[in-house]
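See below for input20.pdb, which holds PDB, C-alpha atoms and all ligand atoms.
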ATOM      1  CA  MET A   1      21.236  11.703   8.818  1.00  0.00           C
ATOM      2  CA  ALA A   2      20.220  10.060   5.548  1.00  0.00           C
ATOM      3  CA  VAL A   3      18.691   6.610   5.637  1.00  0.00           C
ATOM      4  CA  PRO A   4      20.103   4.335   2.917  1.00  0.00           C
ATOM      5  CA  GLN A   5      17.740   3.343   0.103  1.00  0.00           C
ATOM      6  CA  GLN A   6      15.718   0.398   1.325  1.00  0.00           C
ATOM      7  CA  GLU A   7      15.175  -2.752  -0.675  1.00  0.00           C
ATOM      8  CA  PHE A   8      12.394  -2.649  -3.239  1.00  0.00           C
ATOM      9  CA  ILE A   9       9.165  -4.466  -2.392  1.00  0.00           C
ATOM     10  CA  ILE A  10       6.360  -5.428  -4.753  1.00  0.00           C
ATOM     11  CA  ALA A  11       2.967  -5.578  -3.018  1.00  0.00           C
ATOM     12  CA  PRO A  12       0.371  -7.089  -5.364  1.00  0.00           C
ATOM     13  CA  SER A  13      -3.051  -5.530  -4.767  1.00  0.00           C
ATOM     14  CA  VAL A  14      -5.648  -8.301  -4.841  1.00  0.00           C
ATOM     15  CA  LEU A  15      -8.358  -5.797  -5.791  1.00  0.00           C
ATOM     16  CA  ASN A  16      -8.314  -7.245  -9.304  1.00  0.00           C
ATOM     17  CA  ALA A  17      -7.770 -10.861  -8.239  1.00  0.00           C
ATOM     18  CA  ASN A  18     -10.431 -13.546  -8.508  1.00  0.00           C
ATOM     19  CA  PHE A  19     -12.154 -13.226  -5.107  1.00  0.00           C
ATOM     20  CA  ALA A  20     -13.860 -16.605  -5.508  1.00  0.00           C
ATOM     21  CA  ARG A  21     -10.458 -18.220  -4.978  1.00  0.00           C
ATOM     22  CA  LEU A  22      -8.551 -15.520  -3.108  1.00  0.00           C
ATOM     23  CA  GLY A  23      -6.317 -17.846  -1.081  1.00  0.00           C
ATOM     24  CA  GLU A  24      -5.012 -19.553  -4.208  1.00  0.00           C
ATOM     25  CA  GLU A  25      -4.565 -16.195  -5.925  1.00  0.00           C
ATOM     26  CA  CYS A  26      -2.393 -15.040  -2.991  1.00  0.00           C
ATOM     27  CA  ASP A  27      -0.339 -18.272  -3.118  1.00  0.00           C
ATOM     28  CA  THR A  28       0.174 -17.872  -6.850  1.00  0.00           C
ATOM     29  CA  VAL A  29       1.192 -14.235  -6.744  1.00  0.00           C
ATOM     30  CA  LEU A  30       3.583 -14.798  -3.821  1.00  0.00           C
ATOM     31  CA  ALA A  31       5.151 -17.789  -5.566  1.00  0.00           C
ATOM     32  CA  ALA A  32       5.504 -15.539  -8.611  1.00  0.00           C
ATOM     33  CA  GLY A  33       7.669 -13.109  -6.620  1.00  0.00           C
ATOM     34  CA  GLY A  34       5.199 -10.804  -4.838  1.00  0.00           C
ATOM     35  CA  ASP A  35       6.591  -9.770  -1.456  1.00  0.00           C
ATOM     36  CA  MET A  36       3.439  -8.969   0.501  1.00  0.00           C
ATOM     37  CA  ILE A  37      -0.299  -8.935  -0.102  1.00  0.00           C
ATOM     38  CA  HIS A  38      -1.945  -5.520  -0.385  1.00  0.00           C
ATOM     39  CA  LEU A  39      -5.573  -5.604   0.788  1.00  0.00           C
ATOM     40  CA  ASP A  40      -7.782  -2.677  -0.226  1.00  0.00           C
ATOM     41  CA  VAL A  41     -10.592  -2.090   2.250  1.00  0.00           C
ATOM     42  CA  MET A  42     -13.324   0.184   0.871  1.00  0.00           C
ATOM     43  CA  ASP A  43     -16.506   1.175   2.705  1.00  0.00           C
ATOM     44  CA  ASN A  44     -18.715   2.882   0.093  1.00  0.00           C
ATOM     45  CA  HIS A  45     -18.463   6.007   2.246  1.00  0.00           C
ATOM     46  CA  TYR A  46     -14.872   7.253   2.238  1.00  0.00           C
ATOM     47  CA  VAL A  47     -14.634   5.942  -1.330  1.00  0.00           C
ATOM     48  CA  PRO A  48     -17.424   5.012  -3.760  1.00  0.00           C
ATOM     49  CA  ASN A  49     -16.736   1.287  -3.738  1.00  0.00           C
ATOM     50  CA  LEU A  50     -17.192  -1.621  -1.340  1.00  0.00           C
ATOM     51  CA  THR A  51     -14.723  -4.465  -0.905  1.00  0.00           C
ATOM     52  CA  VAL A  52     -13.744  -6.627   2.050  1.00  0.00           C
ATOM     53  CA  GLY A  53     -13.677  -6.513   5.837  1.00  0.00           C
ATOM     54  CA  PRO A  54     -11.583  -8.140   8.559  1.00  0.00           C
ATOM     55  CA  MET A  55     -13.236 -11.549   8.026  1.00  0.00           C
ATOM     56  CA  VAL A  56     -11.440 -11.853   4.715  1.00  0.00           C
ATOM     57  CA  CYS A  57      -8.092 -10.958   6.284  1.00  0.00           C
ATOM     58  CA  GLN A  58      -8.728 -13.576   8.985  1.00  0.00           C
ATOM     59  CA  ALA A  59      -9.779 -16.107   6.340  1.00  0.00           C
ATOM     60  CA  LEU A  60      -6.470 -15.621   4.523  1.00  0.00           C
ATOM     61  CA  ARG A  61      -4.567 -16.213   7.778  1.00  0.00           C
ATOM     62  CA  ASP A  62      -6.692 -19.304   8.522  1.00  0.00           C
ATOM     63  CA  TYR A  63      -6.022 -20.533   4.981  1.00  0.00           C
ATOM     64  CA  GLY A  64      -2.306 -20.436   5.868  1.00  0.00           C
ATOM     65  CA  LEU A  65      -1.074 -17.173   4.372  1.00  0.00           C
ATOM     66  CA  LYS A  66       2.225 -16.333   6.097  1.00  0.00           C
ATOM     67  CA  ALA A  67       3.329 -13.295   4.082  1.00  0.00           C
ATOM     68  CA  PRO A  68       2.780  -9.794   5.451  1.00  0.00           C
ATOM     69  CA  ILE A  69      -0.680  -8.381   4.773  1.00  0.00           C
ATOM     70  CA  ASP A  70      -0.563  -4.687   3.931  1.00  0.00           C
ATOM     71  CA  VAL A  71      -4.022  -3.345   4.791  1.00  0.00           C
ATOM     72  CA  HIS A  72      -5.062  -0.053   3.177  1.00  0.00           C
ATOM     73  CA  LEU A  73      -8.132   1.293   4.937  1.00  0.00           C
ATOM     74  CA  MET A  74     -10.251   3.484   2.670  1.00  0.00           C
ATOM     75  CA  VAL A  75     -12.850   3.839   5.415  1.00  0.00           C
ATOM     76  CA  GLU A  76     -14.120   6.520   7.737  1.00  0.00           C
ATOM     77  CA  PRO A  77     -13.880   6.487  10.726  1.00  0.00           C
ATOM     78  CA  VAL A  78     -10.881   4.218  11.230  1.00  0.00           C
ATOM     79  CA  ASP A  79     -10.369   3.196  14.863  1.00  0.00           C
ATOM     80  CA  ALA A  80     -12.848   0.304  15.132  1.00  0.00           C
ATOM     81  CA  LEU A  81     -11.545  -1.239  11.908  1.00  0.00           C
ATOM     82  CA  ILE A  82      -7.924  -0.774  13.005  1.00  0.00           C
ATOM     83  CA  GLU A  83      -8.747  -2.979  16.007  1.00  0.00           C
ATOM     84  CA  ALA A  84     -10.615  -5.512  13.892  1.00  0.00           C
ATOM     85  CA  PHE A  85      -7.859  -5.819  11.273  1.00  0.00           C
ATOM     86  CA  ALA A  86      -5.135  -6.068  13.931  1.00  0.00           C
ATOM     87  CA  LYS A  87      -7.028  -9.023  15.456  1.00  0.00           C
ATOM     88  CA  ALA A  88      -7.511 -10.510  11.990  1.00  0.00           C
ATOM     89  CA  GLY A  89      -3.787 -10.742  11.267  1.00  0.00           C
ATOM     90  CA  ALA A  90      -2.890  -7.522   9.445  1.00  0.00           C
ATOM     91  CA  SER A  91       0.798  -6.589   9.344  1.00  0.00           C
ATOM     92  CA  TYR A  92       0.749  -3.001   8.113  1.00  0.00           C
ATOM     93  CA  ILE A  93      -2.390  -0.915   8.694  1.00  0.00           C
ATOM     94  CA  SER A  94      -2.515   2.335   6.746  1.00  0.00           C
ATOM     95  CA  PHE A  95      -5.296   4.890   6.736  1.00  0.00           C
ATOM     96  CA  HIS A  96      -6.058   8.386   5.448  1.00  0.00           C
ATOM     97  CA  PRO A  97      -5.420  11.344   7.791  1.00  0.00           C
ATOM     98  CA  ASP A  98      -8.718  12.944   6.795  1.00  0.00           C
ATOM     99  CA  ALA A  99     -10.618   9.806   7.897  1.00  0.00           C
ATOM    100  CA  THR A 100      -9.910  10.213  11.615  1.00  0.00           C
ATOM    101  CA  ARG A 101     -10.475  13.106  13.997  1.00  0.00           C
ATOM    102  CA  HIS A 102      -7.469  12.187  16.123  1.00  0.00           C
ATOM    103  CA  LEU A 103      -4.621  11.327  13.825  1.00  0.00           C
ATOM    104  CA  ASP A 104      -1.931  10.843  16.461  1.00  0.00           C
ATOM    105  CA  ARG A 105      -4.210   8.639  18.559  1.00  0.00           C
ATOM    106  CA  SER A 106      -5.124   6.421  15.607  1.00  0.00           C
ATOM    107  CA  ILE A 107      -1.449   5.961  14.688  1.00  0.00           C
ATOM    108  CA  GLU A 108      -0.691   5.024  18.309  1.00  0.00           C
ATOM    109  CA  LEU A 109      -3.588   2.567  18.263  1.00  0.00           C
ATOM    110  CA  VAL A 110      -2.088   0.677  15.304  1.00  0.00           C
ATOM    111  CA  ARG A 111       1.273   0.500  17.104  1.00  0.00           C
ATOM    112  CA  GLU A 112      -0.254  -0.563  20.456  1.00  0.00           C
ATOM    113  CA  LEU A 113      -2.060  -3.400  18.704  1.00  0.00           C
ATOM    114  CA  GLY A 114       1.241  -4.748  17.411  1.00  0.00           C
ATOM    115  CA  CYS A 115       0.914  -3.649  13.767  1.00  0.00           C
ATOM    116  CA  ARG A 116       2.950  -1.261  11.630  1.00  0.00           C
ATOM    117  CA  PRO A 117       1.269   2.116  11.119  1.00  0.00           C
ATOM    118  CA  GLY A 118       1.066   3.871   7.780  1.00  0.00           C
ATOM    119  CA  LEU A 119      -0.569   7.027   6.481  1.00  0.00           C
ATOM    120  CA  VAL A 120      -2.020   7.374   2.990  1.00  0.00           C
ATOM    121  CA  LEU A 121      -2.165  10.648   1.072  1.00  0.00           C
ATOM    122  CA  ASN A 122      -4.540  11.112  -1.840  1.00  0.00           C
ATOM    123  CA  PRO A 123      -3.016  12.773  -4.907  1.00  0.00           C
ATOM    124  CA  ALA A 124      -4.089  16.314  -3.988  1.00  0.00           C
ATOM    125  CA  VAL A 125      -3.029  16.102  -0.305  1.00  0.00           C
ATOM    126  CA  PRO A 126       0.354  17.746   0.351  1.00  0.00           C
ATOM    127  CA  VAL A 127       3.199  15.645   1.761  1.00  0.00           C
ATOM    128  CA  ALA A 128       4.056  18.376   4.265  1.00  0.00           C
ATOM    129  CA  SER A 129       0.659  17.900   5.929  1.00  0.00           C
ATOM    130  CA  ILE A 130       1.895  14.830   7.850  1.00  0.00           C
ATOM    131  CA  GLY A 131       5.337  16.205   8.757  1.00  0.00           C
ATOM    132  CA  GLN A 132       4.587  16.291  12.490  1.00  0.00           C
ATOM    133  CA  VAL A 133       3.898  12.545  12.694  1.00  0.00           C
ATOM    134  CA  LEU A 134       6.298  11.150  10.088  1.00  0.00           C
ATOM    135  CA  HIS A 135       8.589   9.787  12.827  1.00  0.00           C
ATOM    136  CA  LYS A 136       5.723   7.656  14.170  1.00  0.00           C
ATOM    137  CA  LEU A 137       5.160   5.825  10.887  1.00  0.00           C
ATOM    138  CA  ASP A 138       6.527   2.652   9.341  1.00  0.00           C
ATOM    139  CA  MET A 139       4.944   3.499   5.987  1.00  0.00           C
ATOM    140  CA  LEU A 140       3.981   6.558   3.994  1.00  0.00           C
ATOM    141  CA  LEU A 141       1.750   5.619   1.069  1.00  0.00           C
ATOM    142  CA  LEU A 142       1.234   8.112  -1.739  1.00  0.00           C
ATOM    143  CA  MET A 143      -1.829   7.400  -3.854  1.00  0.00           C
ATOM    144  CA  SER A 144      -1.058   7.909  -7.523  1.00  0.00           C
ATOM    145  CA  VAL A 145      -4.742   7.583  -8.472  1.00  0.00           C
ATOM    146  CA  ASN A 146      -7.869   8.816  -6.734  1.00  0.00           C
ATOM    147  CA  PRO A 147      -8.728   5.889  -4.465  1.00  0.00           C
ATOM    148  CA  GLY A 148     -11.620   3.524  -5.061  1.00  0.00           C
ATOM    149  CA  PHE A 149     -10.901   1.547  -8.210  1.00  0.00           C
ATOM    150  CA  GLY A 150      -8.157  -0.449  -9.846  1.00  0.00           C
ATOM    151  CA  GLY A 151      -7.051   0.072 -13.416  1.00  0.00           C
ATOM    152  CA  GLN A 152      -6.775   3.883 -13.394  1.00  0.00           C
ATOM    153  CA  ALA A 153      -3.966   5.926 -14.943  1.00  0.00           C
ATOM    154  CA  PHE A 154      -1.007   7.163 -12.853  1.00  0.00           C
ATOM    155  CA  VAL A 155      -1.388  10.842 -11.875  1.00  0.00           C
ATOM    156  CA  PRO A 156       1.852  12.408 -13.179  1.00  0.00           C
ATOM    157  CA  TYR A 157       2.285  15.117 -10.512  1.00  0.00           C
ATOM    158  CA  VAL A 158       2.686  12.396  -7.864  1.00  0.00           C
ATOM    159  CA  LEU A 159       6.265  11.958  -9.143  1.00  0.00           C
ATOM    160  CA  ASP A 160       7.139  15.337  -7.615  1.00  0.00           C
ATOM    161  CA  LYS A 161       5.362  14.382  -4.397  1.00  0.00           C
ATOM    162  CA  LEU A 162       7.443  11.206  -4.221  1.00  0.00           C
ATOM    163  CA  LYS A 163      10.638  13.247  -4.543  1.00  0.00           C
ATOM    164  CA  GLU A 164       9.456  15.547  -1.770  1.00  0.00           C
ATOM    165  CA  ALA A 165       8.460  12.619   0.466  1.00  0.00           C
ATOM    166  CA  ARG A 166      11.796  10.858  -0.154  1.00  0.00           C
ATOM    167  CA  ALA A 167      13.698  14.001   0.836  1.00  0.00           C
ATOM    168  CA  MET A 168      11.534  14.411   3.941  1.00  0.00           C
ATOM    169  CA  ILE A 169      12.013  10.789   5.017  1.00  0.00           C
ATOM    170  CA  ASP A 170      15.767  10.873   4.426  1.00  0.00           C
ATOM    171  CA  ALA A 171      16.101  14.160   6.316  1.00  0.00           C
ATOM    172  CA  SER A 172      14.120  12.721   9.234  1.00  0.00           C
ATOM    173  CA  GLY A 173      16.615   9.907   9.811  1.00  0.00           C
ATOM    174  CA  HIS A 174      13.729   7.503  10.391  1.00  0.00           C
ATOM    175  CA  SER A 175      13.134   4.250   8.591  1.00  0.00           C
ATOM    176  CA  VAL A 176       9.817   4.781   6.842  1.00  0.00           C
ATOM    177  CA  ARG A 177       8.893   2.841   3.717  1.00  0.00           C
ATOM    178  CA  LEU A 178       7.684   5.031   0.849  1.00  0.00           C
ATOM    179  CA  GLU A 179       4.894   3.173  -0.917  1.00  0.00           C
ATOM    180  CA  VAL A 180       3.087   4.181  -4.090  1.00  0.00           C
ATOM    181  CA  ASP A 181      -0.289   2.859  -5.239  1.00  0.00           C
ATOM    182  CA  GLY A 182      -2.174   3.304  -8.478  1.00  0.00           C
ATOM    183  CA  GLY A 183      -1.310   2.911 -12.130  1.00  0.00           C
ATOM    184  CA  ILE A 184       2.055   1.225 -11.518  1.00  0.00           C
ATOM    185  CA  LYS A 185       3.108  -0.676 -14.637  1.00  0.00           C
ATOM    186  CA  VAL A 186       6.199  -2.195 -16.195  1.00  0.00           C
ATOM    187  CA  HIS A 187       6.627   0.939 -18.298  1.00  0.00           C
ATOM    188  CA  ASN A 188       6.675   3.440 -15.385  1.00  0.00           C
ATOM    189  CA  ILE A 189       7.972   1.577 -12.308  1.00  0.00           C
ATOM    190  CA  ALA A 190      11.576   2.651 -12.902  1.00  0.00           C
ATOM    191  CA  ASP A 191      10.616   6.350 -13.037  1.00  0.00           C
ATOM    192  CA  VAL A 192       8.562   5.929  -9.876  1.00  0.00           C
ATOM    193  CA  ALA A 193      11.487   4.246  -8.107  1.00  0.00           C
ATOM    194  CA  GLN A 194      13.826   6.961  -9.365  1.00  0.00           C
ATOM    195  CA  ALA A 195      11.534   9.519  -7.724  1.00  0.00           C
ATOM    196  CA  GLY A 196      12.033   7.771  -4.376  1.00  0.00           C
ATOM    197  CA  ALA A 197       9.446   5.011  -3.884  1.00  0.00           C
ATOM    198  CA  ASP A 198      10.686   1.718  -2.448  1.00  0.00           C
ATOM    199  CA  THR A 199       7.373  -0.180  -2.134  1.00  0.00           C
ATOM    200  CA  PHE A 200       5.104  -0.642  -5.149  1.00  0.00           C
ATOM    201  CA  VAL A 201       1.449  -1.648  -5.052  1.00  0.00           C
ATOM    202  CA  VAL A 202       0.610  -3.255  -8.371  1.00  0.00           C
ATOM    203  CA  GLY A 203      -2.899  -4.450  -9.152  1.00  0.00           C
ATOM    204  CA  SER A 204      -4.266  -4.735 -12.662  1.00  0.00           C
ATOM    205  CA  GLU A 205      -0.864  -5.004 -14.332  1.00  0.00           C
ATOM    206  CA  ILE A 206      -0.356  -8.332 -12.543  1.00  0.00           C
ATOM    207  CA  PHE A 207      -3.880  -9.710 -12.204  1.00  0.00           C
ATOM    208  CA  SER A 208      -4.954  -8.981 -15.763  1.00  0.00           C
ATOM    209  CA  ALA A 209      -2.063 -11.107 -17.048  1.00  0.00           C
ATOM    210  CA  ASP A 210      -2.155 -14.868 -17.601  1.00  0.00           C
ATOM    211  CA  ASP A 211       1.357 -15.265 -16.201  1.00  0.00           C
ATOM    212  CA  TYR A 212       1.858 -13.337 -12.939  1.00  0.00           C
ATOM    213  CA  LYS A 213       5.513 -14.371 -12.694  1.00  0.00           C
ATOM    214  CA  ALA A 214       6.344 -12.975 -16.128  1.00  0.00           C
ATOM    215  CA  VAL A 215       4.940  -9.566 -15.119  1.00  0.00           C
ATOM    216  CA  ILE A 216       6.618  -9.513 -11.696  1.00  0.00           C
ATOM    217  CA  ASP A 217       9.933 -10.542 -13.279  1.00  0.00           C
ATOM    218  CA  ARG A 218       9.627  -7.637 -15.711  1.00  0.00           C
ATOM    219  CA  LEU A 219       8.779  -5.206 -12.876  1.00  0.00           C
ATOM    220  CA  LYS A 220      11.790  -6.402 -10.869  1.00  0.00           C
ATOM    221  CA  THR A 221      14.080  -6.251 -13.880  1.00  0.00           C
ATOM    222  CA  ARG A 222      13.109  -2.598 -14.351  1.00  0.00           C
ATOM    223  CA  LEU A 223      13.920  -1.990 -10.680  1.00  0.00           C
ATOM    224  CA  THR A 224      17.409  -3.439 -11.060  1.00  0.00           C
ATOM    225  CA  GLN A 225      18.048  -0.767 -13.706  1.00  0.00           C
ATOM    226  CA  VAL A 226      17.312   2.148 -11.306  1.00  0.00           C
TER     227      VAL A 226
HETATM  228  O1  LIG B 301      -5.997   1.278  -3.836  1.00  0.00           O
HETATM  229  C1  LIG B 301      -6.276   1.052  -4.959  1.00  0.00           C
HETATM  230  C2  LIG B 301      -7.382   1.814  -5.569  1.00  0.00           C
HETATM  231  O2  LIG B 301      -7.934   2.636  -4.598  1.00  0.00           O
HETATM  232  C3  LIG B 301      -5.565  -0.044  -5.729  1.00  0.00           C
HETATM  233  O3  LIG B 301      -4.649  -0.698  -4.861  1.00  0.00           O
HETATM  234  C4  LIG B 301      -4.776   0.471  -6.852  1.00  0.00           C
HETATM  235  O4  LIG B 301      -5.535   1.244  -7.723  1.00  0.00           O
HETATM  236  C5  LIG B 301      -4.032  -0.669  -7.565  1.00  0.00           C
HETATM  237  O5  LIG B 301      -4.598  -1.000  -8.743  1.00  0.00           O
HETATM  238  P1  LIG B 301      -3.906  -0.667 -10.152  1.00  0.00           P
HETATM  239  O6  LIG B 301      -2.479  -1.173 -10.078  1.00  0.00           O
HETATM  240  O7  LIG B 301      -4.752  -1.419 -11.112  1.00  0.00           O
HETATM  241  O8  LIG B 301      -3.941   0.829 -10.328  1.00  0.00           O
END
Please rewrite the model in this file as structure tokens.
Ligand SMILES: O=C(CO)[C@H](O)[C@H](O)COP(=O)(O)O
Amino acid sequence: MAVPQQEFIIAPSVLNANFARLGEECDTVLAAGGDMIHLDVMDNHYVPNLTVGPMVCQALRDYGLKAPIDVHLMVEPVDALIEAFAKAGASYISFHPDATRHLDRSIELVRELGCRPGLVLNPAVPVASIGQVLHKLDMLLLMSVNPGFGGQAFVPYVLDKLKEARAMIDASGHSVRLEVDGGIKVHNIADVAQAGADTFVVGSEIFSADDYKAVIDRLKTRLTQV
């Protein structure tokens, strides 16, 4: 049974935000039309960069952030940080299958802790590799850059992976969001949506602009044309 196309969601990645005033940056980007905050957690081990831990997620909740927080764990191993981010107010918690020894158990852990589980596939990892656990997910995130840094160019072959993932999700009959992350811009978001994505992580395109609302309006206008 096919699942109808879900509404489009823009998830601004705060990787390129001004971390000295992160709470205000989140307020501004949400007021500008962002739907949820995407938080990139990097450990200088799974990826060659180091960002934030659960304290920052908790600080955003304490600051008053009500929007969903979409946590992308680029860490290895994952289970201890799944627990810490669940306690710190994460909404979605997504991680990479190759960062845990017990994939099914880690997915269950996210669910047991009251969060929405997601899996993240790097560009070269086949979509079919997570077929057995697709029904357990709320999110499948396809990386369209090699993870670790904002501002990289979209990897073109991920368009075909999105089509494959969309077909797999629709055929499964389960409601799984199909998120894409890396190199999403005004000029390519429509093609990426056409390929099947419904949730778009956008970092530098928004945070390098003076007017976040103008960029998000342009992204959403492109989506209305799909
Ligand atoms: O996860 C990421 C990198 O690992 C970032 O979320 C992603 O790259 C978004 O930034 P941009 O839109 O600038 O590509």
Contacts with ligand LIG 301 (chain B) at most 9 Å, all atoms listed in the file counted, listed as a VMD selection string: chain A and resid 12 to 16 38 to 42 47 49 72 74 143 to 154 181 to 185 201 to 208
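Evaluated against the shown file, the PyMOL selection byres (((chain A and resi 130) around 12) and not hetatm) gives His96, Pro97, Asp98, Leu103, Asp104, Ile107, Gly118, Leu119, Val120, Leu121, Val125, Pro126, Val127, Ala128, Ser129, Gly131, Gln132, Val133, Leu134, His135, Lys136, Leu137, Met139, Leu140, Leu141, Leu142, Ala165, Met168 and Ile169 of chain A.
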For A:Thr221, work out the shell of residues within 10 Å, counting all atoms listed in the file and skipping chain neighbours fewer than 6 positions away, then give it as a compact mmCIF listing (two decimals) with C-alpha atoms, in the frame of the given file.
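Writing done, so here's part_0.txt:
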# COMPACT_ATOMS: atom_id res chain seq x y z
CA VAL A 186 6.20 -2.19 -16.20
CA ALA A 190 11.58 2.65 -12.90
CA VAL A 215 4.94 -9.57 -15.12
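Applied to the file shown here, the PyMOL selection byres (((chain A and resi 173-179) around 6) and not hetatm) selects A:Met1, A:Ala2, A:Val3, A:Asp138, A:Met139, A:Leu140, A:Leu141, A:Asp170, A:Ala171, A:Ser172, A:Val180, A:Ala197, A:Asp198, A:Thr199, A:Phe200.
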Residue with smallest distance to A:Leu81 - pool A:Lys161, A:Pro54, A:Pro68, A:Leu60, counting only C-alpha atoms: A:Pro54
Residue among A:Ala209, A:Val75, A:Val226, A:Val52 lying closest to A:Val192, counting only C-alpha atoms: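 Checking each of A:Ala209, A:Val75, A:Val226, A:Val52 against A:Val192, counting only C-alpha atoms, the winner is A:Val226.
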Closest of A:Ala86, A:Val78, A:Val158, A:Cys57 to A:Gly23 - atom-to-atom distances counting all atoms listed in the file: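 With all atoms listed in the file as the atom set, the closest residue is A:Cys57.
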Given 8 Å of margin on each side, can you work out the centre and size in Å (one decimal) of an axis-aligned box holding every listed atom of stretch 71-77 of chain A, as lines of an AutoDock Vina configuration file?
center_x = -9.1
center_y = 1.6
center_z = 6.7
size_x = 26.1
size_y = 25.9
size_z = 24.1
Once the PyMOL selection byres (((chain A and resi 93) around 6) and not hetatm) has been evaluated on this model, what residues remain selected, and can you format them as a compact mmCIF listing (two decimals) with C-alpha atoms, in the coordinates of the input?
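Writing done, so here's out-v6.txt:
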# COMPACT_ATOMS: atom_id res chain seq x y z
CA VAL A 71 -4.02 -3.34 4.79
CA TYR A 92 0.75 -3.00 8.11
CA SER A 94 -2.52 2.34 6.75
CA PRO A 117 1.27 2.12 11.12
CA GLY A 118 1.07 3.87 7.78
